Amino acid sequence: MIDDEKIIDLFFERDQQGIRELDQKYGKLLHSLAFRILNDRRDVEECVNDAYLGVWNTIPPQRPQVLSAYVCRIVRNLALKAYDRNTAAKRNSAYDVAMGELEGCLPAPGTVERELEARELARIVEGFLDTLSRENRVIFLRRYWFADSYKDIARQVGLREKAVSVRLSRLREKLRQYLMEQEVFV
Amino acid sequence: MNTQKFSEALGEIDHSYLEEAVSYHRTDRPFRRTRRLPTALTAAMLALLLIGCVAAAAGVFGTRLTDLFTSRTESGYDLSVAIERVPTQDLSDELLAVGSAIQQQFETAQPHQSWYPGHWQTDFASHEDACQFIGLDLSTPAEWAQEEQQTTLNVYGTAHGQILQCILETDYVLNGIRVSLFSSIYTENYAEEITFGVRVAKDVEFEESFYTTSGNLPCQVIASSALDSSYLGLDGYLVYGGVLYNLHIAYQDGDSPQAEAILRQWADSF
């Protein structure tokens, strides 16, 4: 597989081989990410294809520093938009399960606290991620950004599924405490 | 805070975090072709864990390997566990009260929720505190107390509030090696045959051996070849006093002697 830089160069040259190379290198990752949110093969295909079109339309002028993160973010955004359009009956994806876990640890808004914008909150989340070890940071993001299963995370980091479950439980509690300390209510 | 907003915020985090999460597997934990255990390790294991096979086979209580498989998609093994069930009257009132909490879970659970009733979990400051809560003295080497990292109790129960099973996990870091001790008890309410299944990544191979402890107890040992993460695994299984103990050691290739020493120290502490 060719380097990310070369794939980006193909986009800059308006060579459609860039899309094929992108699909070959990251297609599996992108499809699985979209599937965990949408839980529907047809929606996933549409979402990933739209993401490729999005990449085609934005590179150039943009030259992403990290292609994988760039394209994952596009897929996630598109998948979440499609997810919102879907009926409640279809909401049984891995993403639902992962987000459901977070429900209990996110402080509820009171009456006087101001609500934070997503970007502002993102900086606070980054602050939380910076307090974690690298392994815990990966475990947290693989679960709540990528909606990976415990099993997949366990394989990635070399822990048991049970240990991943316990670790995530502790990370959620740490997140809850961190958000409370930061007086974050959204 | 609603999860949608949190999800939106997650979508805005810096790309460096995503890069780390995507590449962690590829750069830091590269795929490694699974191989058989190094000859030196196998020989050492055999030398270390030679005796006890007969004791394990003949013992009333203990573990027995019933299935072991290595495939391209998943590897693992199953143990059949012969163990006495713990009478609920031996458990503390605090633990029995968890049964009511689990019963309430079943009563309030809705089908669309992302969690399932029947499981209750809590953390303790120490293994000793957890034992006091459970009402049983679960064995662990005394000299490891200073190295405790985390202690978590998982309790499983029925819709009628009966406690079925408790698993206490205590994690240690001993000389840089990560060690998890799982102490499982099955109550008299647990009517089914007990099996203990371990599932790990593809292409992992296992090797079974036995060790007789200094207290003459049979300890079953399963060594696993390297995961994709390059970590090897060494698991000891021992049934004692109505408790199934499983010591899991994750270690890197060069740490084999230390891992074996940890296993031996643990097994001989009974």
# chains A, B, ... in the order shown; residues from 1 in each chain; ligands from 1
$ closest_atom_pairs --of "chain A" --to "chain B" --cutoff "7 Å" --atoms "only C-alpha atoms" --output "Markdown table"
| residue | atom | partner | partner_atom | distance |
| --- | --- | --- | --- | --- |
| A:Val66 | CA | B:Glu19 | CA | 6.8 |
| A:Ser68 | CA | B:Glu19 | CA | 6.9 |
| A:Ala69 | CA | B:Leu18 | CA | 5.4 |
| A:Arg73 | CA | B:Gly11 | CA | 6.9 |
| A:Val97 | CA | B:Ser114 | CA | 5.0 |
| A:Met99 | CA | B:Thr3 | CA | 6.1 |
| A:Gly100 | CA | B:Ser114 | CA | 5.6 |
| A:Leu102 | CA | B:Thr3 | CA | 6.8 |
| A:Glu103 | CA | B:Thr3 | CA | 6.1 |
| A:Leu106 | CA | B:Met1 | CA | 5.2 |
| A:Pro107 | CA | B:Met1 | CA | 5.3 |
| A:Ala108 | CA | B:Met1 | CA | 4.4 |
| A:Pro109 | CA | B:Met1 | CA | 5.9 |
| A:Ala118 | CA | B:Ala9 | CA | 4.5 |
| A:Arg119 | CA | B:Glu12 | CA | 6.1 |
| A:Leu121 | CA | B:Ala9 | CA | 5.7 |
| A:Ala122 | CA | B:Ala9 | CA | 4.5 |
| A:Arg123 | CA | B:Ile13 | CA | 6.9 |
| A:Glu126 | CA | B:Ile13 | CA | 6.4 |
| A:Val138 | CA | B:Ala21 | CA | 4.9 |
| A:Leu141 | CA | B:Ala21 | CA | 6.6 |
| A:Arg142 | CA | B:Ala21 | CA | 6.5 |
| A:Trp145 | CA | B:Leu10 | CA | 6.6 |
| A:Arg155 | CA | B:Ala201 | CA | 5.8 |
| A:Gln156 | CA | B:His25 | CA | 5.7 |
| A:Val157 | CA | B:Ser229 | CA | 6.3 |
| A:Gly158 | CA | B:Ser229 | CA | 5.3 |
| A:Phe185 | CA | B:Met1 | CA | 5.7 |
| A:Val186 | CA | B:Met1 | CA | 4.3 |
$ residues_around --residues "B:Gln149" --least-positions-apart "4" --cutoff "8 Å" --atoms "only C-alpha atoms" --output "MDAnalysis selection string"
chainID B and resid 170:173
$ write_last_selection --atoms "all heavy atoms" --output "mmCIF file, in the first residue's frame"
data_model
loop_
_atom_site.group_PDB
_atom_site.id
_atom_site.type_symbol
_atom_site.label_atom_id
_atom_site.label_comp_id
_atom_site.auth_asym_id
_atom_site.auth_seq_id
_atom_site.Cartn_x
_atom_site.Cartn_y
_atom_site.Cartn_z
ATOM 1 N N THR B 170 -8.359 -8.446 41.202
ATOM 2 C CA THR B 170 -7.353 -7.577 41.816
ATOM 3 C C THR B 170 -6.155 -7.519 40.873
ATOM 4 O O THR B 170 -5.613 -8.557 40.484
ATOM 5 C CB THR B 170 -6.918 -8.123 43.188
ATOM 6 O OG1 THR B 170 -8.087 -8.369 43.971
ATOM 7 C CG2 THR B 170 -6.040 -7.130 43.921
ATOM 8 N N ASP B 171 -5.812 -6.310 40.492
ATOM 9 C CA ASP B 171 -4.696 -6.126 39.556
ATOM 10 C C ASP B 171 -3.444 -5.665 40.306
ATOM 11 O O ASP B 171 -3.526 -4.836 41.217
ATOM 12 C CB ASP B 171 -5.057 -5.071 38.502
ATOM 13 C CG ASP B 171 -6.240 -5.498 37.657
ATOM 14 O OD1 ASP B 171 -6.409 -6.713 37.462
ATOM 15 O OD2 ASP B 171 -7.000 -4.630 37.210
ATOM 16 N N TYR B 172 -2.339 -6.213 39.869
ATOM 17 C CA TYR B 172 -1.049 -5.849 40.472
ATOM 18 C C TYR B 172 -0.058 -5.525 39.350
ATOM 19 O O TYR B 172 -0.212 -5.996 38.215
ATOM 20 C CB TYR B 172 -0.449 -7.025 41.262
ATOM 21 C CG TYR B 172 -1.361 -7.633 42.298
ATOM 22 C CD1 TYR B 172 -2.241 -8.648 41.962
ATOM 23 C CD2 TYR B 172 -1.314 -7.214 43.624
ATOM 24 C CE1 TYR B 172 -3.064 -9.229 42.915
ATOM 25 C CE2 TYR B 172 -2.124 -7.776 44.583
ATOM 26 C CZ TYR B 172 -3.001 -8.797 44.223
ATOM 27 O OH TYR B 172 -3.810 -9.367 45.162
ATOM 28 N N VAL B 173 0.953 -4.762 39.708
ATOM 29 C CA VAL B 173 2.117 -4.649 38.824
ATOM 30 C C VAL B 173 3.309 -5.088 39.665
ATOM 31 O O VAL B 173 3.672 -4.429 40.638
ATOM 32 C CB VAL B 173 2.309 -3.216 38.294
ATOM 33 C CG1 VAL B 173 3.598 -3.138 37.487
ATOM 34 C CG2 VAL B 173 1.124 -2.803 37.427
#
$ residues_around --residues "A:Glu5" --least-positions-apart "5" --cutoff "12 Å" --atoms "only C-alpha atoms" --output "compact mmCIF listing (two decimals) with all heavy atoms, in the first residue's frame"
# COMPACT_ATOMS: atom_id res chain seq x y z
N LEU A 10 -2.09 12.22 -5.28
CA LEU A 10 -3.00 11.80 -6.36
C LEU A 10 -4.27 12.66 -6.37
O LEU A 10 -4.77 13.03 -7.43
CB LEU A 10 -3.38 10.32 -6.18
CG LEU A 10 -2.28 9.30 -6.49
CD1 LEU A 10 -2.70 7.89 -6.06
CD2 LEU A 10 -1.94 9.32 -7.99
N PHE A 11 -4.75 13.00 -5.16
CA PHE A 11 -5.92 13.88 -5.09
C PHE A 11 -5.58 15.26 -5.67
O PHE A 11 -6.37 15.87 -6.38
CB PHE A 11 -6.43 14.00 -3.65
CG PHE A 11 -7.33 12.87 -3.24
CD1 PHE A 11 -6.82 11.74 -2.62
CD2 PHE A 11 -8.70 12.92 -3.48
CE1 PHE A 11 -7.65 10.69 -2.25
CE2 PHE A 11 -9.53 11.87 -3.10
CZ PHE A 11 -9.01 10.75 -2.49
N PHE A 12 -4.40 15.72 -5.32
CA PHE A 12 -3.99 17.04 -5.83
C PHE A 12 -3.86 17.01 -7.36
O PHE A 12 -4.11 18.00 -8.03
CB PHE A 12 -2.66 17.48 -5.18
CG PHE A 12 -2.88 18.34 -3.96
CD1 PHE A 12 -3.17 17.77 -2.74
CD2 PHE A 12 -2.80 19.74 -4.05
CE1 PHE A 12 -3.39 18.55 -1.61
CE2 PHE A 12 -3.02 20.52 -2.91
CZ PHE A 12 -3.32 19.94 -1.69
N GLY A 18 -6.50 8.01 -6.68
CA GLY A 18 -6.39 8.40 -5.27
C GLY A 18 -7.53 7.82 -4.44
O GLY A 18 -7.31 7.35 -3.31
N GLU A 21 -6.91 4.09 -4.03
CA GLU A 21 -5.85 3.82 -3.04
C GLU A 21 -6.35 4.09 -1.62
O GLU A 21 -6.03 3.35 -0.69
CB GLU A 21 -4.62 4.71 -3.33
CG GLU A 21 -3.94 4.42 -4.65
CD GLU A 21 -3.24 3.06 -4.68
OE1 GLU A 21 -3.09 2.44 -3.62
OE2 GLU A 21 -2.86 2.63 -5.79
N LEU A 22 -7.13 5.15 -1.51
CA LEU A 22 -7.69 5.48 -0.19
C LEU A 22 -8.59 4.34 0.29
O LEU A 22 -8.53 3.92 1.45
CB LEU A 22 -8.50 6.78 -0.30
CG LEU A 22 -9.12 7.32 1.00
CD1 LEU A 22 -8.03 7.81 1.94
CD2 LEU A 22 -10.08 8.48 0.70
N ILE A 59 -9.82 17.97 -0.93
CA ILE A 59 -8.36 17.87 -1.19
C ILE A 59 -8.17 17.98 -2.71
O ILE A 59 -8.53 17.02 -3.41
CB ILE A 59 -7.77 16.55 -0.70
CG1 ILE A 59 -8.07 16.34 0.77
CG2 ILE A 59 -6.27 16.51 -0.94
CD1 ILE A 59 -7.60 14.98 1.30
N ARG A 63 -4.69 20.01 2.68
CA ARG A 63 -3.70 18.93 2.69
C ARG A 63 -3.62 18.42 4.12
O ARG A 63 -2.90 18.98 4.96
CB ARG A 63 -2.33 19.42 2.22
CG ARG A 63 -1.27 18.32 2.16
CD ARG A 63 0.04 18.82 1.59
NE ARG A 63 0.07 18.84 0.15
CZ ARG A 63 0.33 17.79 -0.64
NH1 ARG A 63 0.57 16.61 -0.09
NH2 ARG A 63 0.35 17.91 -1.94
N PRO A 64 -4.43 17.39 4.44
CA PRO A 64 -4.49 16.94 5.84
C PRO A 64 -3.15 16.43 6.34
O PRO A 64 -2.41 15.77 5.61
CB PRO A 64 -5.52 15.82 5.81
CG PRO A 64 -5.71 15.46 4.39
CD PRO A 64 -5.29 16.62 3.56
N GLN A 65 -2.89 16.76 7.61
CA GLN A 65 -1.64 16.29 8.21
C GLN A 65 -1.69 14.77 8.41
O GLN A 65 -0.70 14.08 8.25
CB GLN A 65 -1.43 16.96 9.57
CG GLN A 65 -1.15 18.44 9.46
CD GLN A 65 -1.04 19.09 10.83
OE1 GLN A 65 -1.64 18.62 11.79
NE2 GLN A 65 -0.29 20.17 10.91
N VAL A 66 -2.86 14.29 8.81
CA VAL A 66 -3.03 12.84 9.04
C VAL A 66 -4.25 12.39 8.25
O VAL A 66 -5.39 12.66 8.62
CB VAL A 66 -3.23 12.55 10.55
CG1 VAL A 66 -3.32 11.05 10.77
CG2 VAL A 66 -2.10 13.15 11.36
N LEU A 67 -4.01 11.68 7.18
CA LEU A 67 -5.09 11.31 6.27
C LEU A 67 -6.12 10.41 6.95
O LEU A 67 -7.33 10.59 6.77
CB LEU A 67 -4.51 10.62 5.03
CG LEU A 67 -5.52 10.26 3.94
CD1 LEU A 67 -6.24 11.49 3.40
CD2 LEU A 67 -4.81 9.52 2.80
N SER A 68 -5.64 9.46 7.73
CA SER A 68 -6.57 8.51 8.37
C SER A 68 -7.54 9.25 9.29
O SER A 68 -8.75 9.02 9.26
CB SER A 68 -5.79 7.44 9.15
OG SER A 68 -4.99 8.05 10.13
$ residues_around --residues "B:Thr158" --least-positions-apart "2" --cutoff "7 Å" --atoms "only C-alpha atoms" --output "compact mmCIF listing (two decimals) with all heavy atoms, in the first residue's frame"
# COMPACT_ATOMS: atom_id res chain seq x y z
N GLN B 103 -32.21 -7.38 41.61
CA GLN B 103 -33.65 -7.63 41.39
C GLN B 103 -34.32 -6.35 40.87
O GLN B 103 -35.14 -6.39 39.95
CB GLN B 103 -34.29 -8.06 42.70
CG GLN B 103 -35.75 -8.48 42.56
CD GLN B 103 -36.29 -9.02 43.87
OE1 GLN B 103 -35.73 -8.80 44.94
NE2 GLN B 103 -37.39 -9.75 43.78
N GLY B 118 -28.81 -7.84 35.78
CA GLY B 118 -28.20 -9.08 36.27
C GLY B 118 -26.75 -8.94 36.67
O GLY B 118 -26.15 -9.89 37.15
N HIS B 160 -34.87 -12.80 40.69
CA HIS B 160 -35.47 -13.01 42.02
C HIS B 160 -34.56 -12.53 43.14
O HIS B 160 -34.83 -12.76 44.32
CB HIS B 160 -35.80 -14.50 42.22
CG HIS B 160 -36.70 -15.03 41.14
ND1 HIS B 160 -37.99 -14.59 40.97
CD2 HIS B 160 -36.48 -15.95 40.18
CE1 HIS B 160 -38.54 -15.22 39.94
NE2 HIS B 160 -37.64 -16.04 39.43
N GLY B 161 -33.45 -11.91 42.78
CA GLY B 161 -32.56 -11.36 43.78
C GLY B 161 -31.58 -12.36 44.37
O GLY B 161 -30.96 -12.09 45.40
N GLN B 162 -31.44 -13.50 43.70
CA GLN B 162 -30.48 -14.50 44.19
C GLN B 162 -29.09 -14.22 43.61
O GLN B 162 -28.97 -13.97 42.41
CB GLN B 162 -30.92 -15.90 43.79
CG GLN B 162 -32.21 -16.35 44.44
CD GLN B 162 -32.66 -17.68 43.89
OE1 GLN B 162 -32.62 -17.92 42.69
NE2 GLN B 162 -33.11 -18.56 44.78
N ILE B 163 -28.09 -14.29 44.45
CA ILE B 163 -26.72 -14.12 43.98
C ILE B 163 -26.27 -15.44 43.35
O ILE B 163 -26.38 -16.51 43.96
CB ILE B 163 -25.76 -13.78 45.14
CG1 ILE B 163 -26.22 -12.52 45.90
CG2 ILE B 163 -24.32 -13.62 44.64
CD1 ILE B 163 -26.04 -11.24 45.17
$ residues_around --residues "A:Arg36" --least-positions-apart "6" --cutoff "12 Å" --atoms "only C-alpha atoms" --output "list in words"
Leu29, Leu30, Asp43, Val44, Val75, Arg76, Ala79, Leu80, Tyr83, Arg91, Asn92, Ser93, Ala94, Tyr95, Asp96, Val97, Ala98, Met99, Arg142, Arg143, Tyr144, Trp145, Phe146, Ala147, Asp148 and Ser149 of chain A
$ select_by_dssp --residues "stretch 91-127 of chain B" --states "strand (DSSP E or B)" --output "ChimeraX atom specification"
/B:119-124
$ closest_residue --among "A:Asn39, A:Arg134, A:Leu33, A:Tyr150" --to "A:Lys162" --atoms "only C-alpha atoms"
A:Tyr150
$ closest_residue --among "B:Thr88, B:Asn216, B:Ser183, B:Ser100" --to "B:His127" --atoms "only C-alpha atoms"
B:Ser183
$ atom_distance --atom1 "atom CA of B:Tyr211" --atom2 "atom CA of B:Tyr190"
28.6 Å
$ residues_around --residues "B:Ala259" --least-positions-apart "3" --cutoff "9 Å" --atoms "only C-alpha atoms" --output "MDAnalysis selection string"
chainID B and resid 177 234 249:251 255:256 262:264
$ residues_around --residues "A:Asp23" --least-positions-apart "6" --cutoff "10 Å" --atoms "only C-alpha atoms" --output "PyMOL selection string"
chain A and resi 17+29-31+48-49+52
$ write_last_selection --atoms "N, CA and C atoms" --output "short mmCIF file (atom, residue, chain, number, x, y, z; two decimals), in the first residue's frame"
data_model
loop_
_atom_site.label_atom_id
_atom_site.label_comp_id
_atom_site.auth_asym_id
_atom_site.auth_seq_id
_atom_site.Cartn_x
_atom_site.Cartn_y
_atom_site.Cartn_z
N GLN A 17 -7.39 7.56 -9.15
CA GLN A 17 -6.68 6.44 -8.52
C GLN A 17 -6.51 6.73 -7.03
N LEU A 29 -11.44 0.04 7.58
CA LEU A 29 -11.58 0.84 8.81
C LEU A 29 -12.82 1.74 8.71
N LEU A 30 -12.98 2.39 7.56
CA LEU A 30 -14.08 3.33 7.39
C LEU A 30 -15.43 2.61 7.37
N HIS A 31 -15.47 1.49 6.69
CA HIS A 31 -16.73 0.73 6.64
C HIS A 31 -17.13 0.25 8.03
N VAL A 48 -19.86 5.86 3.18
CA VAL A 48 -18.43 5.83 2.83
C VAL A 48 -18.20 6.44 1.45
N ASN A 49 -19.11 6.16 0.52
CA ASN A 49 -18.96 6.76 -0.81
C ASN A 49 -19.08 8.28 -0.74
N TYR A 52 -15.83 9.60 0.48
CA TYR A 52 -14.81 9.66 -0.57
C TYR A 52 -15.03 10.90 -1.45
#
$ select_by_dssp --residues "stretch 7-172 of chain A" --states "alpha helix (DSSP H)" --output "VMD selection string"
chain A and resid 7 to 12 17 to 38 41 to 58 67 to 85 94 to 103 118 to 130 134 to 144 150 to 157 161 to 172
